[in-house]
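S.K.: Pasting input-v2.txt here (compact mmCIF, C-alpha atoms):
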```txt
# COMPACT_ATOMS: atom_id res chain seq x y z
CA GLY A 1 53.58 47.54 -23.17
CA ALA A 2 52.57 43.91 -23.57
CA GLY A 3 49.52 42.61 -21.79
CA VAL A 4 49.04 39.30 -20.00
CA SER A 5 49.81 36.38 -22.29
CA GLN A 6 48.80 32.75 -21.90
CA SER A 7 49.78 29.58 -23.67
CA PRO A 8 48.62 27.45 -25.24
CA SER A 9 45.45 29.17 -26.43
CA ASN A 10 43.76 25.80 -26.91
CA LYS A 11 44.54 22.41 -25.44
CA VAL A 12 42.77 19.15 -26.18
CA THR A 13 43.80 16.21 -24.05
CA GLU A 14 42.64 12.76 -23.15
CA LYS A 15 41.16 11.94 -19.78
CA GLY A 16 43.86 10.91 -17.35
CA LYS A 17 46.69 12.91 -18.95
CA ASP A 18 48.48 15.79 -17.23
CA VAL A 19 48.43 19.32 -18.65
CA GLU A 20 50.42 22.48 -17.98
CA LEU A 21 49.07 25.95 -18.64
CA ARG A 22 51.33 28.98 -18.69
CA CYS A 23 50.78 32.62 -17.81
CA ASP A 24 53.09 35.58 -18.46
CA PRO A 25 51.89 38.57 -16.43
CA ILE A 26 52.39 42.21 -17.25
CA SER A 27 55.96 43.18 -16.48
CA GLY A 28 56.32 44.58 -12.97
CA HIS A 29 53.01 43.20 -11.70
CA THR A 30 53.63 41.37 -8.43
CA ALA A 31 50.17 39.85 -8.00
CA LEU A 32 48.93 37.04 -10.23
CA TYR A 33 45.56 35.25 -10.18
CA TRP A 34 44.18 32.14 -11.85
CA TYR A 35 40.45 31.84 -12.56
CA ARG A 36 38.38 29.20 -14.30
CA GLN A 37 35.36 29.89 -16.52
CA SER A 38 33.01 27.05 -17.37
CA LEU A 39 30.53 27.37 -20.23
CA GLY A 40 27.95 30.05 -19.49
CA GLN A 41 29.35 30.72 -16.02
CA GLY A 42 31.11 33.56 -14.33
CA LEU A 43 34.73 33.33 -13.36
CA GLU A 44 35.70 31.10 -10.45
CA PHE A 45 38.80 31.96 -8.41
CA LEU A 46 41.49 29.28 -8.20
CA ILE A 47 44.69 30.69 -6.68
CA TYR A 48 46.47 33.96 -5.91
CA PHE A 49 50.23 34.64 -6.00
CA GLN A 50 51.99 37.57 -4.39
CA GLY A 51 55.52 37.35 -5.73
CA ASN A 52 56.42 33.66 -5.73
CA SER A 53 54.28 32.65 -2.79
CA ALA A 54 50.60 31.71 -2.83
CA PRO A 55 48.77 33.14 0.19
CA ASP A 56 45.45 31.80 -1.06
CA LYS A 57 45.03 28.45 -2.78
CA SER A 58 41.52 27.95 -1.48
CA GLY A 59 39.90 27.91 -4.92
CA LEU A 60 41.82 24.91 -6.27
CA PRO A 61 39.11 22.27 -6.79
CA SER A 62 41.17 19.22 -5.83
CA ASP A 63 44.70 18.03 -5.14
CA ARG A 64 45.05 17.28 -8.86
CA PHE A 65 45.45 21.02 -9.34
CA SER A 66 48.67 22.82 -8.48
CA ALA A 67 50.38 26.02 -9.49
CA GLU A 68 53.74 27.63 -9.10
CA ARG A 69 55.34 30.91 -9.90
CA THR A 70 59.04 31.47 -10.39
CA GLY A 71 61.12 34.64 -10.47
CA GLY A 72 58.05 36.63 -9.52
CA SER A 73 56.92 36.43 -13.12
CA VAL A 74 55.75 33.40 -15.10
CA SER A 75 53.22 31.06 -13.53
CA THR A 76 52.29 27.50 -14.45
CA LEU A 77 49.00 25.82 -13.56
CA THR A 78 49.22 22.03 -13.66
CA ILE A 79 46.29 19.67 -13.75
CA GLN A 80 47.14 16.02 -13.16
CA ARG A 81 45.03 13.08 -14.30
CA THR A 82 42.59 15.35 -16.10
CA GLN A 83 38.87 14.64 -15.93
CA GLN A 84 36.11 15.74 -18.28
CA GLU A 85 34.77 18.18 -15.69
CA ASP A 86 38.09 20.04 -15.89
CA SER A 87 37.10 21.25 -19.37
CA ALA A 88 36.86 25.04 -19.15
CA VAL A 89 38.64 28.25 -20.05
CA TYR A 90 41.48 28.97 -17.63
CA LEU A 91 42.15 32.69 -17.27
CA CYS A 92 45.12 34.40 -15.71
CA ALA A 93 45.13 37.99 -14.43
CA SER A 94 47.80 40.22 -12.97
CA SER A 95 47.76 43.43 -11.00
CA ARG A 96 50.30 45.91 -9.73
CA ASP A 97 50.11 44.36 -6.29
CA GLY A 98 47.70 42.36 -4.20
CA GLY A 99 45.75 45.35 -2.97
CA TYR A 100 42.66 46.90 -4.44
CA ASN A 101 44.17 47.30 -7.85
CA GLU A 102 42.79 46.68 -11.27
CA GLN A 103 43.31 43.18 -12.60
CA PHE A 104 44.16 42.70 -16.25
CA PHE A 105 43.27 39.42 -17.86
CA GLY A 106 44.97 37.31 -20.48
CA PRO A 107 43.08 35.71 -23.38
CA GLY A 108 42.76 32.39 -21.57
CA THR A 109 43.51 28.76 -22.38
CA ARG A 110 40.56 26.70 -23.55
CA LEU A 111 41.03 23.17 -22.16
CA THR A 112 39.01 20.30 -23.56
CA VAL A 113 39.28 16.89 -21.91
CA LEU A 114 37.98 14.07 -24.08
CA GLY B 1 31.36 32.27 0.00
CA GLN B 2 30.25 35.60 -1.36
CA GLN B 3 27.47 35.36 -3.93
CA LEU B 4 26.94 37.99 -6.60
CA ASN B 5 23.56 38.11 -8.30
CA GLN B 6 23.73 39.78 -11.68
CA SER B 7 20.67 40.66 -13.75
CA PRO B 8 19.36 40.47 -16.30
CA GLN B 9 20.94 37.29 -17.62
CA SER B 10 20.47 38.47 -21.20
CA MET B 11 19.23 41.51 -23.08
CA PHE B 12 18.15 42.01 -26.67
CA ILE B 13 17.96 45.67 -27.66
CA GLN B 14 17.93 47.86 -30.72
CA GLU B 15 20.85 50.04 -31.65
CA GLY B 16 20.52 53.44 -30.00
CA GLU B 17 18.68 52.22 -26.93
CA ASP B 18 20.01 52.58 -23.41
CA VAL B 19 20.89 49.53 -21.32
CA SER B 20 20.98 48.97 -17.60
CA MET B 21 22.27 45.98 -15.65
CA ASN B 22 22.94 45.48 -11.97
CA CYS B 23 24.63 43.33 -9.43
CA THR B 24 23.74 42.66 -5.80
CA SER B 25 25.62 40.85 -3.10
CA SER B 26 24.99 39.41 0.33
CA SER B 27 28.39 40.77 1.38
CA ILE B 28 29.94 44.19 1.53
CA PHE B 29 32.70 44.86 -0.98
CA ASN B 30 35.36 47.55 -0.95
CA THR B 31 35.62 47.73 -4.72
CA TRP B 32 33.23 47.03 -7.58
CA LEU B 33 34.43 46.45 -11.12
CA TRP B 34 32.71 45.93 -14.44
CA TYR B 35 34.27 43.86 -17.22
CA LYS B 36 33.27 43.08 -20.80
CA GLN B 37 34.19 39.81 -22.48
CA ASP B 38 34.12 39.17 -26.21
CA PRO B 39 34.05 35.59 -27.57
CA GLY B 40 37.42 33.88 -27.28
CA GLU B 41 38.93 36.75 -25.30
CA GLY B 42 39.65 37.49 -21.68
CA PRO B 43 37.56 40.04 -19.77
CA VAL B 44 38.47 43.67 -20.33
CA LEU B 45 38.07 46.15 -17.50
CA LEU B 46 35.52 48.88 -18.23
CA ILE B 47 35.07 50.73 -14.96
CA ALA B 48 36.42 50.40 -11.41
CA LEU B 49 34.61 51.92 -8.41
CA TYR B 50 36.39 52.44 -5.10
CA LYS B 51 34.03 54.43 -2.90
CA ALA B 52 30.47 53.87 -1.73
CA GLY B 53 28.13 56.20 -3.61
CA GLU B 54 30.70 56.84 -6.33
CA LEU B 55 29.32 57.47 -9.82
CA THR B 56 31.87 57.07 -12.61
CA SER B 57 31.60 57.46 -16.38
CA ASN B 58 33.72 56.10 -19.19
CA GLY B 59 32.39 57.42 -22.49
CA ARG B 60 28.87 56.04 -22.92
CA LEU B 61 29.25 53.86 -19.82
CA THR B 62 28.20 54.95 -16.34
CA ALA B 63 28.53 52.84 -13.21
CA GLN B 64 27.67 53.41 -9.58
CA PHE B 65 28.91 51.88 -6.34
CA GLY B 66 25.87 51.45 -4.09
CA ILE B 67 25.67 53.26 -0.77
CA THR B 68 25.24 49.97 1.09
CA ARG B 69 28.39 48.62 -0.65
CA LYS B 70 26.35 45.57 -1.57
CA ASP B 71 25.31 46.57 -5.07
CA SER B 72 26.38 48.27 -8.28
CA PHE B 73 24.83 49.09 -11.62
CA LEU B 74 26.15 49.70 -15.11
CA ASN B 75 24.38 51.81 -17.72
CA ILE B 76 25.24 51.97 -21.40
CA SER B 77 23.73 54.85 -23.32
CA ALA B 78 22.98 54.96 -27.05
CA SER B 79 24.07 51.37 -27.67
CA ILE B 80 25.99 50.44 -30.82
CA PRO B 81 26.63 47.03 -32.43
CA SER B 82 30.14 46.74 -30.94
CA ASP B 83 28.61 46.80 -27.44
CA VAL B 84 27.64 43.16 -28.02
CA GLY B 85 29.29 40.84 -25.52
CA ILE B 86 29.04 39.52 -22.00
CA TYR B 87 29.26 42.03 -19.16
CA PHE B 88 30.45 40.86 -15.75
CA CYS B 89 30.33 42.58 -12.42
CA ALA B 90 33.01 41.74 -9.87
CA GLY B 91 33.44 42.56 -6.21
CA GLN B 92 36.73 42.85 -4.42
CA GLY B 93 37.77 43.14 -0.80
CA ALA B 94 35.02 41.27 0.97
CA ARG B 95 35.59 40.64 4.64
CA GLY B 96 37.61 37.49 5.14
CA SER B 97 38.66 37.24 1.52
CA THR B 98 42.12 37.41 0.05
CA LEU B 99 43.15 40.94 -0.76
CA GLY B 100 42.50 41.49 -4.43
CA ARG B 101 40.56 38.29 -5.10
CA LEU B 102 37.57 38.98 -7.35
CA TYR B 103 34.10 37.47 -6.99
CA PHE B 104 32.16 37.50 -10.26
CA GLY B 105 28.54 37.64 -11.25
CA ARG B 106 27.33 35.19 -13.90
CA GLY B 107 27.25 37.84 -16.59
CA THR B 108 24.74 39.68 -18.77
CA GLN B 109 24.73 38.69 -22.43
CA LEU B 110 23.99 41.80 -24.49
CA THR B 111 22.74 41.56 -28.08
CA VAL B 112 22.30 44.74 -30.12
CA TRP B 113 20.17 44.68 -33.26
CA PRO B 114 21.07 47.21 -35.96
```
For this file, write the structure as structure tokens.

M.R.:
Amino acid sequence: GAGVSQSPSNKVTEKGKDVELRCDPISGHTALYWYRQSLGQGLEFLIYFQGNSAPDKSGLPSDRFSAERTGGSVSTLTIQRTQQEDSAVYLCASSRDGGYNEQFFGPGTRLTVL
Amino acid sequence: GQQLNQSPQSMFIQEGEDVSMNCTSSSIFNTWLWYKQDPGEGPVLLIALYKAGELTSNGRLTAQFGITRKDSFLNISASIPSDVGIYFCAGQGARGSTLGRLYFGRGTQLTVWP
């Protein structure tokens, strides 16, 4: 079956603009995670969804970052008033549920803020 | 937060050589995972370890979950050019953390010379 998909694959925006990043998890996976990867760094947790609710948003760096998930499937990560330090690859992962299950990653969205 | 120390940061080896990398943590994890990331792609799961002391193989890859639950290593035997990439360790299930949330090491960049 299809893996995790993300769109767009690349996004270049100007400082101060808002951006929306989309994630389509593997069908039937109830848990969804967003991570951020800055150049040469490991992955940094942002937010976790179980179904449509987000039990853990503790990794969101500021109130400019928000995310939602509808229908227990697609998730959108929104960054308002983008800053240059937001430039990174944003990765989405899904797993069968929120337990100790394997997480499968999408290809990521590379965000560049000019 | 939980810190994962992954070493070495980079490795340059000749095709056919064996490779070893490891990860240590200040916290106990319930699960250790190893991922490989190619340029422009999301991480791909290589091996998942669920029990302290567990030794698991996947082809030329062997990984172990440390007895203390605070460390793991990954070995690659008889390396080939397609092993090139960044290898990440990840811990899951630390005390006080969201179920399923992954904590990542900073990665080991592997270069294989033909």

S.K.: Taking all atoms listed in the file into account, which residues of chain A are within 12 Å of chain B, as a PyMOL selection string?

M.R.: chain A and resi 3-6+9-10+30-50+54-59+89-110

S.K.: For each of A:Arg81, A:His29, A:Lys11, A:Arg69, take the minimum atom-to-atom distance to Asn52 of chain A, counting all atoms listed in the file, then give the residue where this is smallest.

M.R.: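 Counting all atoms listed in the file, the residue closest to Asn52 of chain A is A:Arg69.
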
S.K.: Please, what distance in Å, to one decimal, runs between atom CA of Ile26 of chain A and atom CA of Arg60 of chain B?

M.R.: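 Taking atom CA of Ile26 of chain A as the start and atom CA of Arg60 of chain B as the end point, the length is 27.9 Å.
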
S.K.: Expressed in Å to a single decimal, how great is the separation between atom CA of Phe65 of chain A and atom CA of Leu114 of chain A?

M.R.: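 Here the two named atoms are 17.9 Å from each other.
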
S.K.: So the first atom is atom CA of Gly66 of chain B and the second is atom CA of Ser10 of chain B; what is the distance between them in Å, to one decimal place?

M.R.: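 Spanning atom CA of Gly66 of chain B to atom CA of Ser10 of chain B is a straight-line distance of 22.1 Å.
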
S.K.: My list of candidates is A:Ser7, A:Gly28, A:Ala2, A:Asp63. Which is closest to Thr82 of chain A when distances are computed with all atoms listed in the file?

M.R.: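 Nearest to Thr82 of chain A: A:Asp63.
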
S.K.: So that I can check the surroundings of Thr78 of chain A, please list as an mmCIF file with C-alpha atoms, keeping the file's coordinate frame every protein, DNA and RNA residue that reaches within 10 Å of it, counting all atoms listed in the file and ignoring chain neighbours fewer than 3 positions away.

M.R.:
```cif
data_model
loop_
_atom_site.group_PDB
_atom_site.id
_atom_site.type_symbol
_atom_site.label_atom_id
_atom_site.label_comp_id
_atom_site.auth_asym_id
_atom_site.auth_seq_id
_atom_site.Cartn_x
_atom_site.Cartn_y
_atom_site.Cartn_z
ATOM 1 C CA ASP A 18 48.480 15.790 -17.230
ATOM 2 C CA VAL A 19 48.430 19.320 -18.650
ATOM 3 C CA GLU A 20 50.420 22.480 -17.980
ATOM 4 C CA LEU A 21 49.070 25.950 -18.640
ATOM 5 C CA ARG A 22 51.330 28.980 -18.690
ATOM 6 C CA ARG A 64 45.050 17.280 -8.860
ATOM 7 C CA PHE A 65 45.450 21.020 -9.340
ATOM 8 C CA SER A 66 48.670 22.820 -8.480
ATOM 9 C CA ALA A 67 50.380 26.020 -9.490
ATOM 10 C CA GLU A 68 53.740 27.630 -9.100
ATOM 11 C CA SER A 75 53.220 31.060 -13.530
ATOM 12 C CA ARG A 81 45.030 13.080 -14.300
ATOM 13 C CA THR A 82 42.590 15.350 -16.100
#
```

S.K.: Any idea what's packed within 9 Å of Pro81 of chain B, counting all atoms listed in the file, ignoring anything in its chain fewer than 3 positions away? Could you give it as a PDB file with C-alpha atoms, in the coordinates of the input?

M.R.:
```pdb
ATOM      1  CA  GLN B  14      17.930  47.860 -30.720  1.00  0.00           C
ATOM      2  CA  GLU B  15      20.850  50.040 -31.650  1.00  0.00           C
ATOM      3  CA  VAL B  84      27.640  43.160 -28.020  1.00  0.00           C
ATOM      4  CA  THR B 111      22.740  41.560 -28.080  1.00  0.00           C
ATOM      5  CA  VAL B 112      22.300  44.740 -30.120  1.00  0.00           C
ATOM      6  CA  TRP B 113      20.170  44.680 -33.260  1.00  0.00           C
ATOM      7  CA  PRO B 114      21.070  47.210 -35.960  1.00  0.00           C
TER       8      PRO B 114
END
```

S.K.: Since fewer atoms than expected are present, regenerate N, CA, C and O atoms for segment 45-61 of chain A and write them as a PDB file, in the coordinates of the input.

M.R.:
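Once written, part34.pdb looks like this:
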```pdb
ATOM      1  N   PHE A  45      37.437  31.783  -8.896  1.00  0.00           N
ATOM      2  CA  PHE A  45      38.800  31.960  -8.410  1.00  0.00           C
ATOM      3  C   PHE A  45      39.450  30.617  -8.118  1.00  0.00           C
ATOM      4  O   PHE A  45      38.820  29.713  -7.543  1.00  0.00           O
ATOM      5  N   LEU A  46      40.740  30.499  -8.492  1.00  0.00           N
ATOM      6  CA  LEU A  46      41.490  29.280  -8.200  1.00  0.00           C
ATOM      7  C   LEU A  46      42.602  29.551  -7.190  1.00  0.00           C
ATOM      8  O   LEU A  46      42.662  28.919  -6.138  1.00  0.00           O
ATOM      9  N   ILE A  47      43.516  30.493  -7.522  1.00  0.00           N
ATOM     10  CA  ILE A  47      44.690  30.690  -6.680  1.00  0.00           C
ATOM     11  C   ILE A  47      45.233  32.093  -6.909  1.00  0.00           C
ATOM     12  O   ILE A  47      45.056  32.671  -7.983  1.00  0.00           O
ATOM     13  N   TYR A  48      45.905  32.629  -5.877  1.00  0.00           N
ATOM     14  CA  TYR A  48      46.470  33.960  -5.910  1.00  0.00           C
ATOM     15  C   TYR A  48      47.938  33.886  -5.523  1.00  0.00           C
ATOM     16  O   TYR A  48      48.290  33.233  -4.541  1.00  0.00           O
ATOM     17  N   PHE A  49      48.805  34.536  -6.302  1.00  0.00           N
ATOM     18  CA  PHE A  49      50.230  34.640  -6.000  1.00  0.00           C
ATOM     19  C   PHE A  49      50.569  36.103  -5.695  1.00  0.00           C
ATOM     20  O   PHE A  49      50.155  37.009  -6.406  1.00  0.00           O
ATOM     21  N   GLN A  50      51.354  36.287  -4.645  1.00  0.00           N
ATOM     22  CA  GLN A  50      51.990  37.570  -4.390  1.00  0.00           C
ATOM     23  C   GLN A  50      53.490  37.282  -4.453  1.00  0.00           C
ATOM     24  O   GLN A  50      54.037  36.595  -3.588  1.00  0.00           O
ATOM     25  N   GLY A  51      54.149  37.796  -5.484  1.00  0.00           N
ATOM     26  CA  GLY A  51      55.520  37.350  -5.730  1.00  0.00           C
ATOM     27  C   GLY A  51      55.482  35.868  -6.080  1.00  0.00           C
ATOM     28  O   GLY A  51      54.663  35.441  -6.893  1.00  0.00           O
ATOM     29  N   ASN A  52      56.365  35.098  -5.457  1.00  0.00           N
ATOM     30  CA  ASN A  52      56.420  33.660  -5.730  1.00  0.00           C
ATOM     31  C   ASN A  52      55.604  32.821  -4.763  1.00  0.00           C
ATOM     32  O   ASN A  52      55.511  31.604  -4.937  1.00  0.00           O
ATOM     33  N   SER A  53      55.028  33.445  -3.756  1.00  0.00           N
ATOM     34  CA  SER A  53      54.280  32.650  -2.790  1.00  0.00           C
ATOM     35  C   SER A  53      52.780  32.781  -3.031  1.00  0.00           C
ATOM     36  O   SER A  53      52.313  33.762  -3.615  1.00  0.00           O
ATOM     37  N   ALA A  54      52.049  31.786  -2.580  1.00  0.00           N
ATOM     38  CA  ALA A  54      50.600  31.710  -2.830  1.00  0.00           C
ATOM     39  C   ALA A  54      49.854  31.785  -1.511  1.00  0.00           C
ATOM     40  O   ALA A  54      49.612  30.759  -0.873  1.00  0.00           O
ATOM     41  N   PRO A  55      49.472  33.010  -1.081  1.00  0.00           N
ATOM     42  CA  PRO A  55      48.770  33.140   0.190  1.00  0.00           C
ATOM     43  C   PRO A  55      47.379  32.517   0.194  1.00  0.00           C
ATOM     44  O   PRO A  55      46.829  32.253   1.253  1.00  0.00           O
ATOM     45  N   ASP A  56      46.817  32.322  -0.996  1.00  0.00           N
ATOM     46  CA  ASP A  56      45.450  31.800  -1.060  1.00  0.00           C
ATOM     47  C   ASP A  56      45.345  30.789  -2.185  1.00  0.00           C
ATOM     48  O   ASP A  56      45.370  31.159  -3.361  1.00  0.00           O
ATOM     49  N   LYS A  57      45.214  29.526  -1.790  1.00  0.00           N
ATOM     50  CA  LYS A  57      45.030  28.450  -2.780  1.00  0.00           C
ATOM     51  C   LYS A  57      43.636  27.863  -2.630  1.00  0.00           C
ATOM     52  O   LYS A  57      43.364  26.773  -3.137  1.00  0.00           O
ATOM     53  N   SER A  58      42.776  28.555  -1.911  1.00  0.00           N
ATOM     54  CA  SER A  58      41.520  27.950  -1.480  1.00  0.00           C
ATOM     55  C   SER A  58      40.573  27.604  -2.630  1.00  0.00           C
ATOM     56  O   SER A  58      39.652  26.813  -2.454  1.00  0.00           O
ATOM     57  N   GLY A  59      40.791  28.185  -3.806  1.00  0.00           N
ATOM     58  CA  GLY A  59      39.900  27.910  -4.920  1.00  0.00           C
ATOM     59  C   GLY A  59      40.273  26.693  -5.752  1.00  0.00           C
ATOM     60  O   GLY A  59      39.496  26.279  -6.615  1.00  0.00           O
ATOM     61  N   LEU A  60      41.433  26.105  -5.501  1.00  0.00           N
ATOM     62  CA  LEU A  60      41.820  24.910  -6.270  1.00  0.00           C
ATOM     63  C   LEU A  60      40.835  23.795  -5.967  1.00  0.00           C
ATOM     64  O   LEU A  60      40.622  23.436  -4.801  1.00  0.00           O
ATOM     65  N   PRO A  61      40.226  23.207  -7.006  1.00  0.00           N
ATOM     66  CA  PRO A  61      39.110  22.270  -6.790  1.00  0.00           C
ATOM     67  C   PRO A  61      39.515  20.942  -6.152  1.00  0.00           C
ATOM     68  O   PRO A  61      38.695  20.303  -5.492  1.00  0.00           O
TER      69      PRO A  61
END
```
